[in-house]
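In what follows, a single structure is set out as structure tokens and then discussed.
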Amino acid sequence: MRFLTCSLASMAMALAAPAMAKEAPAAAPAMPAVTEQVPADAPKLIVAIAVDQFSADLFAQYREHYAKGFTRLLQGAVFAQGFQSHAATETCPGHSTLLTGVHPARTGITANSWFLPGIARAEKEVYCVEDETDPKSTPDKPVVTTRHLMAPTLGDLMKKANPKTINAAVSAKDRAAVMMSGHDTDAVYWIGDNGFTTFANRRISKATVAENAELTRRIAAGDGPLAVPGWCGNVDRATPIGDFTIGTWRFPVAAGDYKTFVNGPRVDTATAEMAVRMVDELGMGKDAVPDVLSVSFSATDKVGHAYGTEGVEMCVQMNVLDQALGYLFDQLDARGIDYEVVLSADHGGFDAPERQQLRGNPDARRIDTALTAKALAAAVSQDTGVTVKNGPLFYGAGESGSVWLSAELTDADKAKVIPALVARLKANPQIAAVYTQDQIMQWPEPKGNPQDWTMEQKVRASFVPGRSGEVQMLTKRGVVPGKASPGKVATHGSPWDYDRRVPMLFWRKGMAGFEQPTPVETVDIAPTLAATVGLSAPAGTWDGRCLDIDASEADSCRR
């Protein structure tokens, strides 16, 4: 048994309104020599789905209640123990593994953002899909680019083998759509300030204009609370956090409230609708050349951050996501398209520690304020006497898990500062491990079962010199970065398995389903899909391996 991945062919888009971001020119990653011999029974369309923050724990908790799209996926090949094996369990690194087949150390995407203290602009933070060389770009308002992705996606390789392949992607998040589709794309859309948008050197298509008009209509009308399924009763309870509560919100939307609409469950519905419009407009799945449609659903992550994972909010979101998947699959069925689906996630997630403490986890807590960059800089300056004239001594720390040093520091300064910083971090009871760049780069890239990886292997798999901080700080299990506030109570990003474990589900009409508990990796998806569509690449192209997703005696990796 194997699964597929497809690439998408060049398309002529209908041009309409101008886009809001720019695809900056940048050198494409090295492309291995590939050949493609598409099997006669290969699907016409690969649908690669990511659900942001969809942990293996959430999947296990709600799988018995799914009644729409997930019921179909549960009839296929179910790998319940998939791993985003690396330590930097964030959206951009996680999405970068899904269709490249390599870990973040090779994709170059070490975090959602990183710091370049020596960069000429005043803002030293660099967002993972921004062109920081463009003076109009900032991390909050990026000029969107593919330039930081250092590995080709499966869609890139498929288009190299056959330029007729169509490679398209849609998500509420720019970084999700960009990381899954790659460099050679036909259409890439994400939610911007006024609906779906794309790169600034492209114009949005007629189908996008139509979907945006529908979004505008719905938002102008507003909407009442979302329905709460009966099976949500056990989690429909308020939990106090300071002067506010979580656990009982139903997501009403006031008329004209764009922000609430696009940051809640309804954005997954819009994403599914936009995906169907793209299939129609691009003519995907219509010929013998397989196409790839990447769809990343973002609302699970937005709900998880704002309300945590164990309240009625997440239960409602699981229901809306299931319905969105059902809509997407039903629409593809209605068009008679022969398609295969893979669904996984960029990372898992952890609930609000205040609720964790009430439910049997007394060790859950928020991160110590002594671990912020500002506090660590003050302590290290006191210990060493080293200060800088411009900007902070340290960037990052706290939520990031990385510490970047000021560009003003000399080698002699660093020889004092780094040991002092390491000592301060190791003395904090919330810290599990501390590593310097010199240590990390001595370690080989990890191999073997991801469930058994050491902390050092997890860190090495997402470390990129020049982008990762010079010092890596790993907090203990159950420590949640950031101060709680309405709209931000929980997160992810740790090296612990609640953030690393994600489901991997493969489905195609007529396939014999099975459940496989053996741990696998998200980097296994690309080589698995490549085998399905007959794409051959040199050894070393992928960090992952092909998974046999054919339950019969046939081996889908040897077609």
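Naming scheme: A, B, ... for chains in displayed order of the structure tokens; residues 1 onward per chain; ligands 1 onward as shown.
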
What's around A:Thr271 at 9 Å? Count only C-alpha atoms, leave out sequence neighbours fewer than 2 positions away in its own chain, and write the answer as a PyMOL selection string.
chain A and resi 170-172+190-191+266-269+273-276+295-298+324

Preceding selection exported with N, CA, C and O atoms as a PDB file, in the first residue's frame:
```
ATOM      1  N   VAL A 170      -4.087  26.350  -0.821  1.00  0.00           N
ATOM      2  CA  VAL A 170      -4.924  27.358  -0.166  1.00  0.00           C
ATOM      3  C   VAL A 170      -4.914  27.105   1.330  1.00  0.00           C
ATOM      4  O   VAL A 170      -4.869  25.973   1.794  1.00  0.00           O
ATOM      5  N   SER A 171      -4.958  28.189   2.097  1.00  0.00           N
ATOM      6  CA  SER A 171      -5.016  28.136   3.555  1.00  0.00           C
ATOM      7  C   SER A 171      -5.443  29.495   4.066  1.00  0.00           C
ATOM      8  O   SER A 171      -5.404  30.490   3.332  1.00  0.00           O
ATOM      9  N   ALA A 172      -5.832  29.554   5.328  1.00  0.00           N
ATOM     10  CA  ALA A 172      -6.016  30.858   5.950  1.00  0.00           C
ATOM     11  C   ALA A 172      -4.670  31.511   6.238  1.00  0.00           C
ATOM     12  O   ALA A 172      -4.585  32.723   6.376  1.00  0.00           O
ATOM     13  N   TRP A 190      -4.192  32.646   0.375  1.00  0.00           N
ATOM     14  CA  TRP A 190      -4.337  32.667   1.826  1.00  0.00           C
ATOM     15  C   TRP A 190      -5.205  33.860   2.212  1.00  0.00           C
ATOM     16  O   TRP A 190      -5.489  34.730   1.381  1.00  0.00           O
ATOM     17  N   ILE A 191      -5.635  33.895   3.449  1.00  0.00           N
ATOM     18  CA  ILE A 191      -6.481  34.998   3.922  1.00  0.00           C
ATOM     19  C   ILE A 191      -5.628  36.219   4.237  1.00  0.00           C
ATOM     20  O   ILE A 191      -4.648  36.135   4.992  1.00  0.00           O
ATOM     21  N   ARG A 266     -15.307  29.182  11.193  1.00  0.00           N
ATOM     22  CA  ARG A 266     -15.887  29.427   9.866  1.00  0.00           C
ATOM     23  C   ARG A 266     -14.835  29.590   8.779  1.00  0.00           C
ATOM     24  O   ARG A 266     -15.128  29.391   7.594  1.00  0.00           O
ATOM     25  N   VAL A 267     -13.613  29.942   9.157  1.00  0.00           N
ATOM     26  CA  VAL A 267     -12.588  30.108   8.124  1.00  0.00           C
ATOM     27  C   VAL A 267     -12.218  28.767   7.497  1.00  0.00           C
ATOM     28  O   VAL A 267     -11.785  28.716   6.341  1.00  0.00           O
ATOM     29  N   ASP A 268     -12.412  27.657   8.211  1.00  0.00           N
ATOM     30  CA  ASP A 268     -12.168  26.351   7.602  1.00  0.00           C
ATOM     31  C   ASP A 268     -13.208  26.053   6.521  1.00  0.00           C
ATOM     32  O   ASP A 268     -12.893  25.466   5.481  1.00  0.00           O
ATOM     33  N   THR A 269     -14.438  26.448   6.762  1.00  0.00           N
ATOM     34  CA  THR A 269     -15.479  26.286   5.744  1.00  0.00           C
ATOM     35  C   THR A 269     -15.127  27.076   4.488  1.00  0.00           C
ATOM     36  O   THR A 269     -15.228  26.575   3.357  1.00  0.00           O
ATOM     37  N   GLU A 273     -14.333  25.754   0.611  1.00  0.00           N
ATOM     38  CA  GLU A 273     -15.036  26.311  -0.545  1.00  0.00           C
ATOM     39  C   GLU A 273     -14.049  26.853  -1.573  1.00  0.00           C
ATOM     40  O   GLU A 273     -14.213  26.667  -2.787  1.00  0.00           O
ATOM     41  N   MET A 274     -13.006  27.534  -1.092  1.00  0.00           N
ATOM     42  CA  MET A 274     -12.011  28.089  -1.998  1.00  0.00           C
ATOM     43  C   MET A 274     -11.260  26.970  -2.712  1.00  0.00           C
ATOM     44  O   MET A 274     -10.961  27.080  -3.923  1.00  0.00           O
ATOM     45  N   ALA A 275     -10.991  25.876  -2.017  1.00  0.00           N
ATOM     46  CA  ALA A 275     -10.309  24.744  -2.640  1.00  0.00           C
ATOM     47  C   ALA A 275     -11.131  24.185  -3.804  1.00  0.00           C
ATOM     48  O   ALA A 275     -10.583  23.881  -4.875  1.00  0.00           O
ATOM     49  N   VAL A 276     -12.427  24.063  -3.615  1.00  0.00           N
ATOM     50  CA  VAL A 276     -13.295  23.547  -4.677  1.00  0.00           C
ATOM     51  C   VAL A 276     -13.316  24.507  -5.868  1.00  0.00           C
ATOM     52  O   VAL A 276     -13.256  24.090  -7.034  1.00  0.00           O
ATOM     53  N   VAL A 295      -4.227  21.781   0.889  1.00  0.00           N
ATOM     54  CA  VAL A 295      -5.229  22.530   1.637  1.00  0.00           C
ATOM     55  C   VAL A 295      -4.860  22.463   3.113  1.00  0.00           C
ATOM     56  O   VAL A 295      -4.803  21.382   3.691  1.00  0.00           O
ATOM     57  N   SER A 296      -4.590  23.610   3.708  1.00  0.00           N
ATOM     58  CA  SER A 296      -4.267  23.643   5.137  1.00  0.00           C
ATOM     59  C   SER A 296      -5.384  24.363   5.879  1.00  0.00           C
ATOM     60  O   SER A 296      -5.679  25.534   5.603  1.00  0.00           O
ATOM     61  N   PHE A 297      -6.010  23.641   6.797  1.00  0.00           N
ATOM     62  CA  PHE A 297      -7.090  24.204   7.606  1.00  0.00           C
ATOM     63  C   PHE A 297      -6.498  24.784   8.893  1.00  0.00           C
ATOM     64  O   PHE A 297      -5.885  24.071   9.685  1.00  0.00           O
ATOM     65  N   SER A 298      -6.710  26.072   9.117  1.00  0.00           N
ATOM     66  CA  SER A 298      -6.010  26.803  10.178  1.00  0.00           C
ATOM     67  C   SER A 298      -6.796  26.989  11.467  1.00  0.00           C
ATOM     68  O   SER A 298      -6.227  27.353  12.492  1.00  0.00           O
ATOM     69  N   ALA A 324     -16.359  20.542   7.047  1.00  0.00           N
ATOM     70  CA  ALA A 324     -15.608  21.153   5.945  1.00  0.00           C
ATOM     71  C   ALA A 324     -14.930  20.084   5.100  1.00  0.00           C
ATOM     72  O   ALA A 324     -14.933  20.151   3.856  1.00  0.00           O
TER      73      ALA A 324
END
```

Distance query A:Ser113 at most 6 Å, only C-alpha atoms, self and fewer than 6 positions along chain excluded, as number ranges by chain:
A: 126-128

Using DSSP secondary structure from the backbone, list all helix (DSSP H, G or I) positions within stretch 90-174 of chain A, as JSON, numbers by chain.
{"A": [91, 92, 93, 94, 95, 96, 97, 98, 104, 105, 106, 107, 154, 155, 156, 157, 158, 159, 160, 161, 174]}

Can I get the selection written as a JSON list (two decimals), in the first residue's frame, with C-alpha atoms?
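Result went into result_18.json, see below:
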```json
[["chain", "number", "residue", "atom", "x", "y", "z"],
["A", 91, "THR", "CA", 3.49, 26.05, 11.99],
["A", 92, "CYS", "CA", 6.12, 27.01, 9.44],
["A", 93, "PRO", "CA", 8.65, 24.24, 10.21],
["A", 94, "GLY", "CA", 5.90, 21.63, 10.45],
["A", 95, "HIS", "CA", 4.28, 22.56, 7.15],
["A", 96, "SER", "CA", 7.71, 22.59, 5.52],
["A", 97, "THR", "CA", 8.16, 18.86, 6.22],
["A", 98, "LEU", "CA", 4.84, 17.67, 4.84],
["A", 104, "PRO", "CA", 13.51, 21.51, 9.06],
["A", 105, "ALA", "CA", 17.31, 21.30, 9.24],
["A", 106, "ARG", "CA", 17.14, 20.77, 5.47],
["A", 107, "THR", "CA", 14.09, 22.87, 4.59],
["A", 154, "LEU", "CA", 6.73, 17.21, -4.20],
["A", 155, "GLY", "CA", 4.78, 19.62, -6.38],
["A", 156, "ASP", "CA", 8.04, 21.25, -7.44],
["A", 157, "LEU", "CA", 9.52, 17.87, -8.38],
["A", 158, "MET", "CA", 6.37, 16.77, -10.20],
["A", 159, "LYS", "CA", 6.37, 19.96, -12.26],
["A", 160, "LYS", "CA", 10.04, 19.46, -13.08],
["A", 161, "ALA", "CA", 9.24, 15.97, -14.36],
["A", 174, "ASP", "CA", 0.26, 32.42, 4.13]]
```

Point out the residue among A:Pro495, A:Val129, A:Gly308, A:Ala377 with the least atom-to-atom distance to A:Lys141, counting only C-alpha atoms.
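Once distances to A:Lys141 are computed over only C-alpha atoms, the minimum belongs to A:Val129.
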
Pick out the residues sitting within 8 Å of stretch 241-247 of chain A, and hand them over as a list in words; count only C-alpha atoms, and ignore anything fewer than 5 positions along from it in its own chain.
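That gives Val235, Asp236, Tyr307, Gly308, Glu310, Gly311, Val312, Glu313, Glu354, Ala484 and Pro486 of chain A.
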
Show me, as a PyMOL selection string, the residues that have an atom within 10 Å of A:Leu215 when counting only C-alpha atoms, minus same-chain residues fewer than 3 positions from it.
chain A and resi 194-196+209-212+218-221+258+261-262+267+270

Only N, CA, C and O atoms, please: the residues just picked out, written as a PDB file, in the first residue's frame.
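Contents of result.pdb, as written:
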```
ATOM      1  N   ASN A 194      -8.530  41.449   3.352  1.00  0.00           N
ATOM      2  CA  ASN A 194      -9.853  41.584   2.726  1.00  0.00           C
ATOM      3  C   ASN A 194     -10.262  40.314   1.996  1.00  0.00           C
ATOM      4  O   ASN A 194     -10.761  40.366   0.874  1.00  0.00           O
ATOM      5  N   GLY A 195     -10.045  39.183   2.609  1.00  0.00           N
ATOM      6  CA  GLY A 195     -10.378  37.921   1.964  1.00  0.00           C
ATOM      7  C   GLY A 195      -9.141  37.221   1.447  1.00  0.00           C
ATOM      8  O   GLY A 195      -8.009  37.496   1.870  1.00  0.00           O
ATOM      9  N   PHE A 196      -9.336  36.296   0.508  1.00  0.00           N
ATOM     10  CA  PHE A 196      -8.213  35.535  -0.026  1.00  0.00           C
ATOM     11  C   PHE A 196      -7.349  36.410  -0.920  1.00  0.00           C
ATOM     12  O   PHE A 196      -7.850  37.209  -1.717  1.00  0.00           O
ATOM     13  N   VAL A 209     -12.266  36.132  -6.609  1.00  0.00           N
ATOM     14  CA  VAL A 209     -13.155  37.289  -6.476  1.00  0.00           C
ATOM     15  C   VAL A 209     -14.539  36.832  -6.033  1.00  0.00           C
ATOM     16  O   VAL A 209     -15.171  37.437  -5.150  1.00  0.00           O
ATOM     17  N   ALA A 210     -15.010  35.729  -6.604  1.00  0.00           N
ATOM     18  CA  ALA A 210     -16.336  35.218  -6.248  1.00  0.00           C
ATOM     19  C   ALA A 210     -16.373  34.738  -4.801  1.00  0.00           C
ATOM     20  O   ALA A 210     -17.336  35.010  -4.068  1.00  0.00           O
ATOM     21  N   GLU A 211     -15.340  34.023  -4.373  1.00  0.00           N
ATOM     22  CA  GLU A 211     -15.312  33.548  -2.982  1.00  0.00           C
ATOM     23  C   GLU A 211     -15.211  34.723  -2.016  1.00  0.00           C
ATOM     24  O   GLU A 211     -15.861  34.736  -0.963  1.00  0.00           O
ATOM     25  N   ASN A 212     -14.422  35.730  -2.359  1.00  0.00           N
ATOM     26  CA  ASN A 212     -14.311  36.904  -1.495  1.00  0.00           C
ATOM     27  C   ASN A 212     -15.630  37.662  -1.400  1.00  0.00           C
ATOM     28  O   ASN A 212     -15.970  38.208  -0.339  1.00  0.00           O
ATOM     29  N   ARG A 218     -21.310  37.215   3.959  1.00  0.00           N
ATOM     30  CA  ARG A 218     -21.524  36.535   5.234  1.00  0.00           C
ATOM     31  C   ARG A 218     -21.067  37.386   6.416  1.00  0.00           C
ATOM     32  O   ARG A 218     -21.726  37.446   7.451  1.00  0.00           O
ATOM     33  N   ILE A 219     -19.926  38.022   6.265  1.00  0.00           N
ATOM     34  CA  ILE A 219     -19.401  38.827   7.356  1.00  0.00           C
ATOM     35  C   ILE A 219     -20.290  40.035   7.609  1.00  0.00           C
ATOM     36  O   ILE A 219     -20.542  40.416   8.761  1.00  0.00           O
ATOM     37  N   ALA A 220     -20.785  40.645   6.555  1.00  0.00           N
ATOM     38  CA  ALA A 220     -21.678  41.791   6.715  1.00  0.00           C
ATOM     39  C   ALA A 220     -22.955  41.395   7.454  1.00  0.00           C
ATOM     40  O   ALA A 220     -23.491  42.169   8.254  1.00  0.00           O
ATOM     41  N   ALA A 221     -23.426  40.188   7.204  1.00  0.00           N
ATOM     42  CA  ALA A 221     -24.659  39.729   7.851  1.00  0.00           C
ATOM     43  C   ALA A 221     -24.451  39.320   9.300  1.00  0.00           C
ATOM     44  O   ALA A 221     -25.366  39.404  10.122  1.00  0.00           O
ATOM     45  N   TYR A 258     -14.933  41.201  10.699  1.00  0.00           N
ATOM     46  CA  TYR A 258     -14.049  40.389   9.853  1.00  0.00           C
ATOM     47  C   TYR A 258     -13.061  39.577  10.686  1.00  0.00           C
ATOM     48  O   TYR A 258     -12.859  38.380  10.455  1.00  0.00           O
ATOM     49  N   PHE A 261     -14.524  36.519  12.367  1.00  0.00           N
ATOM     50  CA  PHE A 261     -14.900  35.513  11.370  1.00  0.00           C
ATOM     51  C   PHE A 261     -13.685  34.711  10.925  1.00  0.00           C
ATOM     52  O   PHE A 261     -13.712  33.473  10.913  1.00  0.00           O
ATOM     53  N   VAL A 262     -12.606  35.392  10.540  1.00  0.00           N
ATOM     54  CA  VAL A 262     -11.460  34.674   9.953  1.00  0.00           C
ATOM     55  C   VAL A 262     -10.568  34.029  11.004  1.00  0.00           C
ATOM     56  O   VAL A 262      -9.664  33.258  10.655  1.00  0.00           O
ATOM     57  N   VAL A 267     -13.613  29.942   9.157  1.00  0.00           N
ATOM     58  CA  VAL A 267     -12.588  30.108   8.124  1.00  0.00           C
ATOM     59  C   VAL A 267     -12.218  28.767   7.497  1.00  0.00           C
ATOM     60  O   VAL A 267     -11.785  28.716   6.341  1.00  0.00           O
ATOM     61  N   ALA A 270     -14.679  28.311   4.676  1.00  0.00           N
ATOM     62  CA  ALA A 270     -14.294  29.150   3.537  1.00  0.00           C
ATOM     63  C   ALA A 270     -13.092  28.555   2.803  1.00  0.00           C
ATOM     64  O   ALA A 270     -13.013  28.618   1.566  1.00  0.00           O
TER      65      ALA A 270
END
```

Counting only C-alpha atoms, what is within 7 Å of stretch 544-548 of chain A, bar same-chain residues fewer than 4 positions away, as a count of residues only?
12

Once DSSP has gone over the backbone, tell me which residues of stretch 94-306 of chain A are in strand (DSSP E), as a PyMOL selection string.
chain A and resi 113-115+125-127+167-171+187-192+195-197+239-241+244-246+291-297

List the spatial neighbours of A:Ile49 as number ranges by chain - criterion: any atom at most 12 Å away, only C-alpha atoms, same-chain residues fewer than 3 positions off excluded.
A: 5, 46, 52, 54, 69-70, 73, 95, 98-99, 169-171, 176-177, 180-181, 268, 271-272, 275, 292-298, 321, 324-325, 328-329, 340-346, 503-507, 525
